[in-house]
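Chemist: Handing over protein-v3.csv, CSV, C-alpha atoms.
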```csv
chain,number,residue,atom,x,y,z
L,1,MET,CA,83.7,69.3,103.0
L,2,ALA,CA,84.7,72.9,102.8
L,3,LYS,CA,86.0,74.1,99.5
L,4,THR,CA,87.8,77.1,100.9
L,5,SER,CA,90.8,77.4,103.2
L,6,ALA,CA,91.2,79.7,106.2
L,7,GLY,CA,94.9,79.0,106.2
L,8,ARG,CA,97.0,77.2,108.8
L,9,TYR,CA,97.1,78.4,112.4
L,10,PHE,CA,100.0,77.8,114.8
L,11,GLU,CA,98.6,74.6,116.2
L,12,ASP,CA,98.2,73.1,112.6
L,13,PHE,CA,102.0,72.9,112.0
L,14,ARG,CA,104.1,69.9,112.7
L,15,ILE,CA,107.9,69.8,112.6
L,16,GLY,CA,108.9,67.8,109.6
L,17,ASP,CA,105.9,68.8,107.5
L,18,VAL,CA,106.8,69.3,103.8
L,19,ILE,CA,104.5,71.6,101.9
L,20,ARG,CA,104.2,71.9,98.2
L,21,HIS,CA,102.9,75.3,97.4
L,22,ALA,CA,100.6,76.5,94.6
L,23,VAL,CA,100.7,78.2,92.1
L,24,PRO,CA,103.5,78.0,89.4
L,25,ARG,CA,104.5,81.5,88.2
L,26,THR,CA,106.2,82.3,84.9
L,27,VAL,CA,108.3,85.4,85.3
L,28,THR,CA,108.0,87.9,82.5
L,29,THR,CA,109.4,91.3,81.5
L,30,GLY,CA,106.1,92.7,82.7
L,31,ASP,CA,107.0,91.6,86.2
L,32,VAL,CA,110.4,93.3,85.8
L,33,ALA,CA,108.7,96.6,84.7
L,34,LEU,CA,106.3,96.5,87.6
L,35,TYR,CA,109.2,95.8,90.0
L,36,THR,CA,111.1,98.8,88.6
L,37,ALA,CA,108.1,101.0,88.9
L,38,LEU,CA,107.6,100.0,92.6
L,39,TYR,CA,111.2,100.5,93.8
L,40,GLY,CA,113.2,102.3,91.1
L,41,PRO,CA,116.3,100.0,91.2
L,42,ARG,CA,119.1,101.2,88.8
L,43,PHE,CA,121.6,98.3,88.8
L,44,ALA,CA,122.9,98.1,85.3
L,45,VAL,CA,123.0,94.3,85.0
L,46,GLN,CA,119.3,93.9,85.8
L,47,SER,CA,118.4,97.0,83.8
L,48,SER,CA,120.0,96.4,80.4
L,49,ASP,CA,120.2,93.3,78.2
L,50,ALA,CA,123.1,94.9,76.3
L,51,PHE,CA,125.1,95.6,79.5
L,52,ALA,CA,124.4,92.1,80.8
L,53,GLN,CA,125.5,90.5,77.5
L,54,ALA,CA,128.7,92.5,77.4
L,55,ILE,CA,129.8,91.0,80.7
L,56,GLY,CA,128.8,87.4,80.1
L,57,TYR,CA,125.1,86.9,80.8
L,58,PRO,CA,122.9,85.7,77.9
L,59,ARG,CA,120.5,88.5,78.7
L,60,SER,CA,119.5,90.6,81.7
L,61,PRO,CA,118.7,88.4,84.7
L,62,ILE,CA,115.7,88.8,86.9
L,63,ASP,CA,116.5,90.9,90.0
L,64,ASP,CA,117.5,88.5,92.8
L,65,LEU,CA,115.0,90.1,95.2
L,66,LEU,CA,112.2,89.8,92.7
L,67,VAL,CA,113.0,86.1,92.6
L,68,PHE,CA,113.0,86.0,96.4
L,69,HIS,CA,109.6,87.8,96.6
L,70,LEU,CA,108.0,85.5,94.1
L,71,VAL,CA,109.1,82.4,95.9
L,72,PHE,CA,108.1,83.9,99.2
L,73,GLY,CA,104.7,84.8,97.9
L,74,LYS,CA,104.1,81.1,96.9
L,75,THR,CA,104.6,80.2,100.6
L,76,VAL,CA,102.2,82.7,102.2
L,77,PRO,CA,98.9,80.9,101.8
L,78,ASP,CA,100.3,77.8,103.5
L,79,ILE,CA,102.7,79.4,106.1
L,80,SER,CA,101.7,83.0,107.0
L,81,LEU,CA,98.2,83.7,105.9
L,82,ASN,CA,97.3,84.1,109.6
L,83,ALA,CA,100.6,85.8,110.5
L,84,VAL,CA,101.0,88.6,112.9
L,85,ALA,CA,104.3,89.5,111.4
L,86,ASN,CA,107.3,88.0,109.6
L,87,LEU,CA,110.2,88.2,112.0
L,88,GLY,CA,113.5,87.3,110.3
L,89,TYR,CA,115.6,85.3,107.8
L,90,ALA,CA,118.7,83.2,107.7
L,91,GLU,CA,120.8,80.9,105.5
L,92,GLY,CA,119.5,82.4,102.3
L,93,ARG,CA,121.3,81.3,99.1
L,94,PHE,CA,120.7,82.3,95.5
L,95,LEU,CA,121.6,79.2,93.6
L,96,ALA,CA,120.8,79.7,89.9
L,97,THR,CA,120.1,82.6,87.6
L,98,VAL,CA,116.4,83.2,86.7
L,99,TYR,CA,115.5,84.8,83.3
L,100,PRO,CA,112.2,86.1,81.8
L,101,GLY,CA,110.3,83.0,80.7
L,102,ASP,CA,111.4,80.8,83.6
L,103,THR,CA,108.6,79.3,85.8
L,104,LEU,CA,109.0,79.2,89.6
L,105,THR,CA,107.5,76.9,92.1
L,106,ALA,CA,108.2,76.5,95.9
L,107,THR,CA,108.2,74.0,98.7
L,108,SER,CA,108.7,74.5,102.4
L,109,GLU,CA,109.7,72.3,105.4
L,110,VAL,CA,108.7,73.1,108.9
L,111,ILE,CA,111.9,73.0,111.0
L,112,GLY,CA,110.9,74.6,114.2
L,113,LEU,CA,108.0,75.7,116.5
L,114,LYS,CA,107.8,77.8,119.6
L,115,GLU,CA,104.7,78.9,121.4
L,116,ASN,CA,104.8,82.5,122.7
L,117,SER,CA,104.2,83.3,126.4
L,118,SER,CA,100.9,85.0,125.6
L,119,ARG,CA,99.5,81.6,124.4
L,120,ARG,CA,97.8,83.5,121.6
L,121,THR,CA,100.5,83.1,119.0
L,122,GLY,CA,103.5,81.1,118.2
L,123,VAL,CA,106.6,81.3,116.0
L,124,VAL,CA,106.9,78.9,113.0
L,125,TYR,CA,110.3,78.3,111.4
L,126,VAL,CA,110.4,77.0,107.8
L,127,ARG,CA,113.0,76.3,105.2
L,128,SER,CA,111.6,77.3,101.8
L,129,THR,CA,113.0,76.4,98.4
L,130,GLY,CA,112.3,77.9,95.0
L,131,TRP,CA,112.6,75.7,91.9
L,132,ARG,CA,112.9,76.4,88.2
L,133,GLN,CA,110.8,74.4,85.7
L,134,ASP,CA,113.7,72.1,84.9
L,135,GLY,CA,114.0,71.0,88.6
L,136,THR,CA,116.9,73.4,89.4
L,137,LYS,CA,117.0,74.9,92.8
L,138,VAL,CA,117.2,78.7,92.4
L,139,LEU,CA,116.9,79.8,96.0
L,140,ASP,CA,116.6,78.5,99.5
L,141,TYR,CA,116.2,80.3,102.8
L,142,VAL,CA,114.9,80.0,106.4
L,143,ARG,CA,112.4,82.4,107.8
L,144,TRP,CA,110.4,82.6,111.0
L,145,VAL,CA,107.0,84.1,111.4
L,146,MET,CA,104.7,84.8,114.3
L,147,VAL,CA,101.3,83.1,113.6
L,148,ASN,CA,98.0,83.4,115.4
L,149,LYS,CA,96.5,80.4,117.1
L,150,ARG,CA,92.9,79.3,116.4
L,151,ASP,CA,92.5,78.0,120.0
L,152,GLU,CA,94.5,79.6,122.8
L,153,ALA,CA,94.3,76.4,124.8
L,154,ALA,CA,95.9,74.3,122.0
L,155,ARG,CA,99.5,73.3,122.6
L,156,PRO,CA,102.2,72.5,120.0
L,157,HIS,CA,102.9,68.8,119.6
L,158,THR,CA,106.7,69.5,119.8
L,159,GLU,CA,108.7,72.7,120.3
L,160,LEU,CA,112.1,73.3,118.8
L,161,VAL,CA,114.0,76.4,118.0
L,162,PRO,CA,116.5,75.4,115.2
L,163,GLU,CA,120.2,76.3,115.3
L,164,LEU,CA,121.0,78.5,112.3
L,165,ALA,CA,124.3,79.6,110.9
L,166,THR,CA,125.2,83.2,111.5
L,167,THR,CA,126.6,83.6,108.0
L,168,VAL,CA,126.6,81.7,104.7
L,169,ASP,CA,130.1,80.4,103.9
L,170,PRO,CA,131.5,82.7,101.2
L,171,ALA,CA,133.2,79.7,99.6
L,172,SER,CA,129.7,78.5,98.5
L,173,LEU,CA,128.8,81.8,96.8
L,174,GLY,CA,128.6,82.6,93.1
L,175,ALA,CA,126.6,79.7,91.7
L,176,ALA,CA,124.0,82.0,90.3
L,177,CYS,CA,126.6,84.3,88.6
L,178,PRO,CA,128.4,83.4,85.3
L,179,THR,CA,132.0,84.3,84.8
L,180,ILE,CA,132.1,88.1,84.4
L,181,HIS,CA,134.1,89.6,81.5
L,182,ALA,CA,135.7,92.6,83.2
L,183,ALA,CA,136.7,94.3,79.9
L,184,GLY,CA,133.0,94.5,79.1
L,185,TRP,CA,132.0,96.3,82.3
L,186,ASP,CA,131.4,99.9,81.5
L,187,PHE,CA,131.8,101.9,84.7
L,188,GLY,CA,130.4,105.0,83.1
L,189,LEU,CA,127.2,103.2,82.3
L,190,SER,CA,127.0,101.4,85.6
L,191,GLY,CA,127.1,104.7,87.4
L,192,ALA,CA,130.2,104.6,89.6
L,193,PRO,CA,133.9,103.6,89.3
L,194,HIS,CA,134.2,101.6,92.5
L,195,ARG,CA,135.3,98.0,92.5
L,196,PHE,CA,135.9,95.3,95.1
L,197,ASP,CA,139.2,96.7,96.3
L,198,ASP,CA,137.7,100.2,96.8
L,199,TYR,CA,135.7,99.1,99.8
L,200,ALA,CA,137.1,98.6,103.3
L,201,VAL,CA,135.8,96.5,106.1
L,202,GLY,CA,134.2,98.9,108.6
L,203,GLU,CA,133.3,101.5,106.0
L,204,LYS,CA,129.8,103.0,106.4
L,205,ILE,CA,127.9,104.5,103.5
L,206,ASP,CA,124.8,106.8,103.9
L,207,HIS,CA,122.7,106.2,100.8
L,208,VAL,CA,121.3,109.8,101.1
L,209,ASP,CA,118.1,109.4,99.2
L,210,GLY,CA,114.6,108.6,100.7
L,211,MET,CA,111.4,107.2,99.3
L,212,THR,CA,108.0,107.7,100.8
L,213,VAL,CA,105.7,104.6,100.7
L,214,GLU,CA,102.1,105.0,99.5
L,215,ASP,CA,99.3,102.5,100.1
L,216,ALA,CA,98.8,101.8,96.4
L,217,GLU,CA,102.5,100.8,96.0
L,218,HIS,CA,102.7,98.2,98.8
L,219,GLN,CA,99.2,96.9,97.9
L,220,LEU,CA,100.4,96.4,94.3
L,221,SER,CA,103.6,94.7,95.4
L,222,THR,CA,101.8,92.1,97.5
L,223,ARG,CA,99.6,91.3,94.6
L,224,LEU,CA,102.5,91.2,92.2
L,225,TYR,CA,104.1,88.5,94.4
L,226,GLN,CA,100.7,86.8,95.0
L,227,ASN,CA,101.3,87.4,98.7
L,228,THR,CA,97.8,86.9,100.3
L,229,ALA,CA,98.7,87.6,104.0
L,230,LYS,CA,95.8,89.5,105.6
L,231,VAL,CA,98.0,91.9,107.5
L,232,HIS,CA,99.1,93.5,104.3
L,233,PHE,CA,95.9,94.1,102.4
L,234,ASN,CA,92.8,93.4,104.4
L,235,HIS,CA,92.0,96.7,106.1
L,236,PHE,CA,88.7,95.4,107.3
L,237,ALA,CA,90.5,92.8,109.4
L,238,GLN,CA,93.4,94.9,110.5
L,239,VAL,CA,91.4,97.7,112.0
L,240,ARG,CA,90.2,95.2,114.6
L,241,THR,CA,93.7,94.3,115.7
L,242,ARG,CA,96.0,95.9,118.2
L,243,ILE,CA,98.0,97.7,115.5
L,244,GLY,CA,94.8,98.8,113.7
L,245,ARG,CA,96.4,99.3,110.3
L,246,ARG,CA,97.8,97.3,107.4
L,247,LEU,CA,101.4,96.4,107.7
L,248,ILE,CA,103.7,96.9,104.8
L,249,TYR,CA,105.3,93.6,103.7
L,250,GLY,CA,108.8,93.4,105.1
L,251,GLY,CA,110.2,92.4,101.7
L,252,HIS,CA,108.9,95.7,100.3
L,253,VAL,CA,111.2,97.4,102.8
L,254,ILE,CA,114.1,95.2,101.7
L,255,SER,CA,113.6,96.1,98.1
L,256,LEU,CA,113.3,99.8,98.8
L,257,ALA,CA,116.5,99.8,100.9
L,258,ARG,CA,118.3,97.8,98.2
L,259,ALA,CA,117.2,100.2,95.5
L,260,LEU,CA,118.4,103.1,97.7
L,261,SER,CA,121.8,101.4,98.2
L,262,TYR,CA,122.6,102.0,94.5
L,263,ASN,CA,123.8,105.4,95.6
L,264,GLY,CA,127.1,104.2,97.0
L,265,LEU,CA,127.0,100.6,95.9
L,266,ALA,CA,126.2,101.0,92.2
L,267,ASN,CA,128.4,98.1,91.0
L,268,VAL,CA,127.3,95.6,93.7
L,269,PHE,CA,125.2,93.8,91.1
L,270,HIS,CA,124.2,90.5,92.6
L,271,VAL,CA,122.7,89.5,95.9
L,272,ALA,CA,124.4,86.1,96.5
L,273,ALA,CA,123.2,85.2,100.0
L,274,ILE,CA,121.2,86.4,103.0
L,275,ASN,CA,123.0,85.7,106.3
L,276,SER,CA,120.4,87.1,108.6
L,277,GLY,CA,117.7,89.7,108.7
L,278,ALA,CA,115.3,91.2,111.1
L,279,HIS,CA,112.2,93.4,110.7
L,280,VAL,CA,112.8,95.6,113.7
L,281,SER,CA,109.6,97.6,113.6
L,282,PRO,CA,106.6,98.0,111.2
L,283,LEU,CA,106.4,100.4,108.3
L,284,PHE,CA,103.1,102.1,107.3
L,285,ALA,CA,101.9,104.0,104.3
L,286,GLY,CA,103.1,107.6,104.5
L,287,ASP,CA,106.4,106.8,106.1
L,288,THR,CA,109.6,107.7,104.3
L,289,VAL,CA,112.4,105.1,104.0
L,290,PHE,CA,116.1,105.9,104.2
L,291,ALA,CA,119.0,103.5,104.3
L,292,TRP,CA,122.7,103.1,105.0
L,293,SER,CA,125.2,100.2,104.7
L,294,GLU,CA,128.3,99.0,106.5
L,295,VAL,CA,130.9,96.7,105.0
L,296,LEU,CA,131.1,93.8,107.5
L,297,GLY,CA,133.6,91.7,105.6
L,298,LYS,CA,135.2,90.9,102.2
L,299,ALA,CA,135.9,87.5,100.6
L,300,GLU,CA,137.6,86.2,97.5
L,301,LEU,CA,135.7,83.4,95.8
L,302,PRO,CA,137.5,80.1,95.2
L,303,GLY,CA,138.7,79.9,91.6
L,304,ARG,CA,137.3,83.3,90.6
L,305,SER,CA,139.2,86.4,89.8
L,306,ASP,CA,136.4,88.2,88.1
L,307,VAL,CA,134.3,89.1,91.2
L,308,GLY,CA,134.6,89.4,94.9
L,309,ALA,CA,132.1,89.3,97.7
L,310,LEU,CA,131.2,92.0,100.1
L,311,ARG,CA,129.4,91.2,103.3
L,312,LEU,CA,127.1,94.1,103.8
L,313,ARG,CA,124.8,95.2,106.6
L,314,LEU,CA,121.9,97.1,105.1
L,315,VAL,CA,119.9,99.2,107.6
L,316,ALA,CA,116.6,100.9,106.8
L,317,THR,CA,114.9,103.6,108.8
L,318,LYS,CA,111.6,105.4,108.6
L,319,ASP,CA,111.3,109.1,108.8
L,320,ARG,CA,114.9,109.4,109.9
L,321,THR,CA,117.9,110.3,107.7
L,322,CYS,CA,121.0,108.1,107.9
L,323,GLU,CA,124.0,110.5,107.9
L,324,GLU,CA,124.7,109.4,111.5
L,325,HIS,CA,124.2,105.7,110.7
L,326,PRO,CA,121.5,105.0,113.3
L,327,LEU,CA,121.4,101.4,114.6
L,328,ARG,CA,121.4,100.6,118.3
L,329,ALA,CA,121.1,102.3,121.6
L,330,GLY,CA,122.5,99.8,124.1
L,331,HIS,CA,120.9,96.4,123.5
L,332,ASP,CA,117.9,97.9,121.7
L,333,TYR,CA,117.5,99.3,118.2
L,334,GLU,CA,117.3,103.1,117.9
L,335,PRO,CA,113.8,104.5,117.2
L,336,GLY,CA,113.1,104.7,113.5
L,337,VAL,CA,115.2,101.6,112.6
L,338,ILE,CA,112.9,99.2,110.7
L,339,LEU,CA,115.3,96.7,109.0
L,340,ASP,CA,118.6,95.1,109.8
L,341,LEU,CA,119.8,92.9,106.9
L,342,ASP,CA,123.1,91.1,106.7
L,343,TYR,CA,123.9,89.8,103.2
L,344,TRP,CA,126.7,88.8,100.7
L,345,ALA,CA,126.8,90.5,97.3
L,346,LEU,CA,129.1,90.3,94.4
L,347,ILE,CA,131.0,93.2,92.8
L,348,PRO,CA,133.6,93.3,89.9
L,349,ARG,CA,137.3,93.1,90.9
```
Rewrite the structure of this file - the entire thing - as structure tokens.
Modeler:
Amino acid sequence: MAKTSAGRYFEDFRIGDVIRHAVPRTVTTGDVALYTALYGPRFAVQSSDAFAQAIGYPRSPIDDLLVFHLVFGKTVPDISLNAVANLGYAEGRFLATVYPGDTLTATSEVIGLKENSSRRTGVVYVRSTGWRQDGTKVLDYVRWVMVNKRDEAARPHTELVPELATTVDPASLGAACPTIHAAGWDFGLSGAPHRFDDYAVGEKIDHVDGMTVEDAEHQLSTRLYQNTAKVHFNHFAQVRTRIGRRLIYGGHVISLARALSYNGLANVFHVAAINSGAHVSPLFAGDTVFAWSEVLGKAELPGRSDVGALRLRLVATKDRTCEEHPLRAGHDYEPGVILDLDYWALIPR
């Protein structure tokens, strides 16, 4: 019996499979420091224990996207080790706060399969869940990923494209956010005076700044999340593919764009849900990432007067500034657009 694993190929998946992923991961302040070094996020709640305690947290929580990446990384050896590309996300919910010292594990259920017309690949749909050491769900989300086939002649046992909600119900948001003490929120220290009522539906914000991605950074990030997908770090294998280069992990793009969004959304402190997301085109080392946001909606949360929810579209581009808010040309995305992410986030009222 082989003692090593080459990972699952498309024909190895079955709808209804439930996979328990290795390896448990205790989150530390060292992870937080590395995450900050990689992306430079400046949101005050995740940056300062003192600021977090002043508004009602026991200490600074782990950045929501760091939690997402760590859970995502657990799933890679079983879901996307042989992936061509991760394609999109839906129905993501952040369900409980994670703090340094918490240990995260993950499980996934296969909810859909669809062979591609080329017969060389197929799309696998999974619902993944992150768990805290006490059995609390901290995160769940759906993603779909294009996976290579081992045998082009193999056919999937069953094909199904799942129906997914276009948006997470805002009434279900806020479970991972304690009651916020508005009097303790120092807008001078957070970096901007803008609250929930200062944003209007339809408003577009150019986040102005750009960050160039280096090979060392995205290699470090995939290792930080224990993401073992070959497309991200195995140059020897990638030069033999159609693309011929290592792809930068799509989550790396999300975190870069989120960090850039501080300039304009400084008080949007908690990502509460991911409605949908698409990696429109690949990013490579040497490319410079820019971002802009649009306010798609606003919602009051039932029983809460401390925070409100903004539904935001976060668009990232490569080597293209965003003062004109580039997105689509007809039915297609404009050249340079690499990410289109629709999410709910909380902000003080």
Chemist: Pick the closest to L:Ile111 from L:Glu217, L:Asp340, L:Asp17, L:Glu91: which is it, counting only C-alpha atoms?
Modeler: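 The shortest atom-to-atom distance to L:Ile111 comes from L:Asp17.
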Chemist: Applying 12 Å and all atoms listed in the file, which residues near stretch 26-32 of chain L remain after dropping the ones on its own chain fewer than 6 positions away? List them as a VMD selection string.
Modeler: chain L and resid 38 to 41 46 to 49 59 to 67 69 to 71 98 to 105 131 to 133 220 to 221 223 to 226
Chemist: Check the smallest atom-to-atom distance from each of L:Lys318, L:His325, L:His21, L:Arg127 to L:Pro282 using all atoms listed in the file, then report the winner.
Modeler: L:Lys318
Chemist: Within 12 Å of L:Val145, counting only C-alpha atoms, which residues show up once you throw out same-chain ones fewer than 6 positions away? Write them as a PyMOL selection string, please.
Modeler: chain L and resi 9-10+75-76+79-89+110+112-116+121-127+229+250+278-279
Chemist: Just the residues within 8 Å of L:Ser128, please, counting only C-alpha atoms, with nothing from its chain fewer than 2 positions along; format it as a PyMOL selection string.
Modeler: chain L and resi 72+75+106-109+126+130+140-143
Chemist: In Å, rounded to a single decimal, give me how far atom CA of L:Tyr343 is from atom CA of L:Asn275.
Modeler: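 The value is 5.2 Å.
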Chemist: Around the point (131.2, 86.1, 79.4), in the coordinates given by the file, pick out the residues reaching within 7 Å, counting only C-alpha atoms, and return them as a PyMOL selection string.
Modeler: chain L and resi 55-57+179-181
Chemist: Closest to L:His270 among L:Asn148, L:Tyr35, L:Thr321, L:Leu173, using all atoms listed in the file?
Modeler: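 Ranked by minimum distance to L:His270, first place goes to L:Leu173.
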Chemist: Could you give me, as a list in words, the residues within 9 Å of L:Val268, counting all atoms listed in the file and dropping anything in the same chain fewer than 2 positions from it?
Modeler: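 Skipping anything fewer than 2 positions along the chain leaves Phe43, Arg195, Phe196, Tyr262, Leu265, Ala266, His270, Val271, Ala309, Leu310, Ala345, Leu346, Ile347 and Pro348 of chain L.
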Chemist: For a quick check of your reading of the model, name the residues lying within 10 Å of the coordinate (104.2, 94.4, 106.1), counting all atoms listed in the file, and write them as a list in words.
Modeler: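 Counting all atoms listed in the file, I find these residues within 10 Å of (104.2, 94.4, 106.1): Val84, Ala85, Asn86, His218, Gln219, Thr222, Ala229, Lys230, Val231, His232, Phe233, Arg246, Leu247, Ile248, Tyr249, Gly250, Gly251, His252, Val253, His279, Ser281, Pro282, Leu283 and Phe284 of chain L.
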Chemist: May I ask which of the residues L:Asn267, L:Thr166, L:Ser276, L:Thr136 is the closest one to L:Pro193, counting only C-alpha atoms?
Modeler: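 Of L:Asn267, L:Thr166, L:Ser276, L:Thr136, the one nearest L:Pro193, counting only C-alpha atoms, is L:Asn267.
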Chemist: Which one of L:Ala153, L:Val201, L:Leu164, L:Cys177 sits closest to L:Ala96 if you count only C-alpha atoms?
Modeler: L:Cys177
Chemist: L:Thr212, L:Ser190, L:Ser293, L:Thr317: which is nearest L:Ser261, counting all atoms listed in the file?
Modeler: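 The answer is L:Ser293, which sits nearest to L:Ser261.
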Chemist: Figure out the distance between atom CA of L:Ala192 and atom CA of L:Gly303, please, to one decimal in Å.
Modeler: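 These two atoms are separated by 26.2 Å.
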Chemist: Could you tell me how far atom CA of L:Pro302 sits from atom CA of L:Gly191, in Å to one decimal place?
Modeler: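 We find that atom CA of L:Gly191 and atom CA of L:Pro302 lie 27.8 Å from each other.
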Chemist: Starting from the incomplete input, reconstruct all heavy atoms of stretch 100-108 of chain L and report them as a CSV table (one decimal), keeping the file's coordinate frame.
Modeler:
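Writing the result to rebuild_28.csv gives the following:
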```
chain,number,residue,atom,x,y,z
L,100,PRO,N,113.6,86.0,82.3
L,100,PRO,CA,112.2,86.1,81.8
L,100,PRO,C,111.9,84.8,81.0
L,100,PRO,O,112.7,84.3,80.2
L,100,PRO,CB,112.2,87.3,80.9
L,100,PRO,CG,113.3,88.2,81.5
L,100,PRO,CD,114.4,87.2,81.9
L,101,GLY,N,110.7,84.2,81.3
L,101,GLY,CA,110.3,83.0,80.7
L,101,GLY,C,110.4,81.8,81.6
L,101,GLY,O,109.8,80.8,81.3
L,102,ASP,N,111.2,81.9,82.6
L,102,ASP,CA,111.4,80.8,83.6
L,102,ASP,C,110.1,80.7,84.5
L,102,ASP,O,109.5,81.8,84.8
L,102,ASP,CB,112.6,81.0,84.5
L,102,ASP,CG,113.9,80.6,83.8
L,102,ASP,OD1,113.8,79.8,82.8
L,102,ASP,OD2,114.9,81.1,84.2
L,103,THR,N,109.8,79.5,84.9
L,103,THR,CA,108.6,79.3,85.8
L,103,THR,C,109.1,78.9,87.1
L,103,THR,O,109.9,77.9,87.3
L,103,THR,CB,107.7,78.2,85.2
L,103,THR,OG1,107.1,78.7,84.0
L,103,THR,CG2,106.5,77.9,86.1
L,104,LEU,N,108.6,79.5,88.2
L,104,LEU,CA,109.0,79.2,89.6
L,104,LEU,C,107.9,78.5,90.3
L,104,LEU,O,106.8,78.8,90.2
L,104,LEU,CB,109.4,80.5,90.3
L,104,LEU,CG,110.5,81.4,89.6
L,104,LEU,CD1,110.7,82.7,90.4
L,104,LEU,CD2,111.8,80.6,89.6
L,105,THR,N,108.4,77.5,91.1
L,105,THR,CA,107.5,76.9,92.1
L,105,THR,C,108.2,76.9,93.5
L,105,THR,O,109.4,77.2,93.5
L,105,THR,CB,107.1,75.4,91.7
L,105,THR,OG1,108.4,74.7,91.5
L,105,THR,CG2,106.3,75.4,90.5
L,106,ALA,N,107.5,76.5,94.5
L,106,ALA,CA,108.2,76.5,95.9
L,106,ALA,C,107.7,75.4,96.7
L,106,ALA,O,106.5,74.9,96.6
L,106,ALA,CB,107.9,77.9,96.5
L,107,THR,N,108.6,75.0,97.6
L,107,THR,CA,108.2,74.0,98.7
L,107,THR,C,108.8,74.5,100.0
L,107,THR,O,109.7,75.4,100.0
L,107,THR,CB,108.8,72.6,98.4
L,107,THR,OG1,110.3,72.7,98.3
L,107,THR,CG2,108.3,72.0,97.1
L,108,SER,N,108.2,74.1,101.1
L,108,SER,CA,108.7,74.5,102.4
L,108,SER,C,108.7,73.3,103.4
L,108,SER,O,107.8,72.4,103.3
L,108,SER,CB,107.8,75.6,103.1
L,108,SER,OG,108.0,76.8,102.3
```
